[in-house]
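Here the structure is laid out as structure tokens; the discussion comes afterwards.
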Amino acid sequence: MPSQSPTPEPSPGGAPTGPSSRRERRKQEVRRRILEASVSLFEARGIEQTRVLEICALADVAHKTFFNHFQSKRELLREIARQGLEDLLLNIEDARKQPGSTADRIQFFFEGIADNANGAGPMRRELVSEIVRAAHDCGNEPEQARKLYDAFGGIVRDGLDAGDLTDRHSAETLTEMLMGAYYVLLFNWANLPDYPLHARSLETARFLTDAMAIPPPSSQPHREHAQ
């Protein structure tokens with residue numbers, strides 16, 4: 001149900017917000033409910049099997065209200081795809097803020113993918129495939145790729161600055177390894193019915209940290225040289 005705001009919220013300058021601000025908040029609240037209801041139904045029942053009327057019922061909005069926000073389910077999917085990218089960027093930024101080494105942060109990010117797989121609805125694979133297709137329909141793939149590249153590159157830059165990532169390969173190559181691993185996991189899970197995303201995410205994290213991270217001196221193997 002929509003939240004109630006009996007008194008105007010103060011603006012950053014201390015003055016009450018006006019009717020237009022309340023209308024905008026109401027509009028964004030309705031849009032949020034539509035998106036949340038859509039994802040819930042798409043994951044549980046599938047996209048084709050979900051009707052707009054069912055989305056409206058779960059979101060508690062009128063049928064015509066849906067079309068005030070989205071012209072079609074395809075446009076709705078494009079918005080879900082856009083928000084999915086924003087969520088991914090936030091997840092990467094969250095990983096960068098974790099304490100510990102760069103290897104720990106890489107592990108944290110890919111463990112998050114594994115955890116999300118455990119909570120996925122039965123039709124999440126179909127939803128992921130359709131989100132990727134909808135994102136391509138937007139025609140802004142270069143912009144999306146650049147945002148993701150820069151985000152993953154941030155993890156690499158942090159590691160190189162900290163001295164716990166290998167410098168035997170360029171920062172660009174290390175970034176592409178991270179980004180490519182993520183895409184492969186997502187692609188395989190969306191298209192292979194029995195793909196074990198949880199296990200593969202954890203194994204991918206171990207592989208990447210073994211390949212990219214510099215182990216602390218105490219864990220490096222000791223070699224005795226012949227006199």
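In the structure tokens, chains take letters A, B, ... by order of appearance, with residues numbered from 1 within each chain and ligands from 1 in the order shown.
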Residues of segment 124-187 of chain A in alpha helix (DSSP H), written as a ChimeraX atom specification: /A:124-137,141-162,171-187
What's around Gln98 of chain A at 12 Å? Count only C-alpha atoms, leave out sequence neighbours fewer than 5 positions away in its own chain, and write the answer as an MDAnalysis selection string. chainID A and resid 91:93 103:109 155 158
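When the distance limit is 10 Å and only C-alpha atoms are what count, the residues near Glu54 of chain A, minus those fewer than 5 positions from it on the same chain, are Ala37, Ser38, Leu41, Gln49, Ala59, Asp60 and His63 of chain A.
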When you look at segment 166-170 of chain A with a cut-off of 7 Å (counting only C-alpha atoms), what residues show up, excluding the ones that are within fewer than 5 positions of it in the same chain? I need them as a list in words.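 Here the answer would be Met212, Ala213 and Ile214 of chain A.
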When distances are computed from only C-alpha atoms, which of A:Leu208, A:Val52, A:Leu90, A:Leu186 shows the smallest separation from Gln71 of chain A?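 Ranked by minimum distance to Gln71 of chain A, first place goes to A:Val52.
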State, in Å with one decimal place, the distance from atom CA of His198 of chain A to atom CA of Gln144 of chain A. 25.1 Å
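For the pair atom CA of Arg124 of chain A and atom CA of Val39 of chain A, the interatomic distance is 9.0 Å.
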Find the residue from A:Arg31, A:Arg25, A:Lys73, A:Arg146 that sits nearest to Thr50 of chain A; use only C-alpha atoms when measuring.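 Closest residue, counting only C-alpha atoms: A:Lys73.
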How far is it from atom CA of Asp87 of chain A to atom CA of Thr175 of chain A, in Å with one decimal?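 Separating atom CA of Asp87 of chain A from atom CA of Thr175 of chain A is a distance of 19.1 Å.
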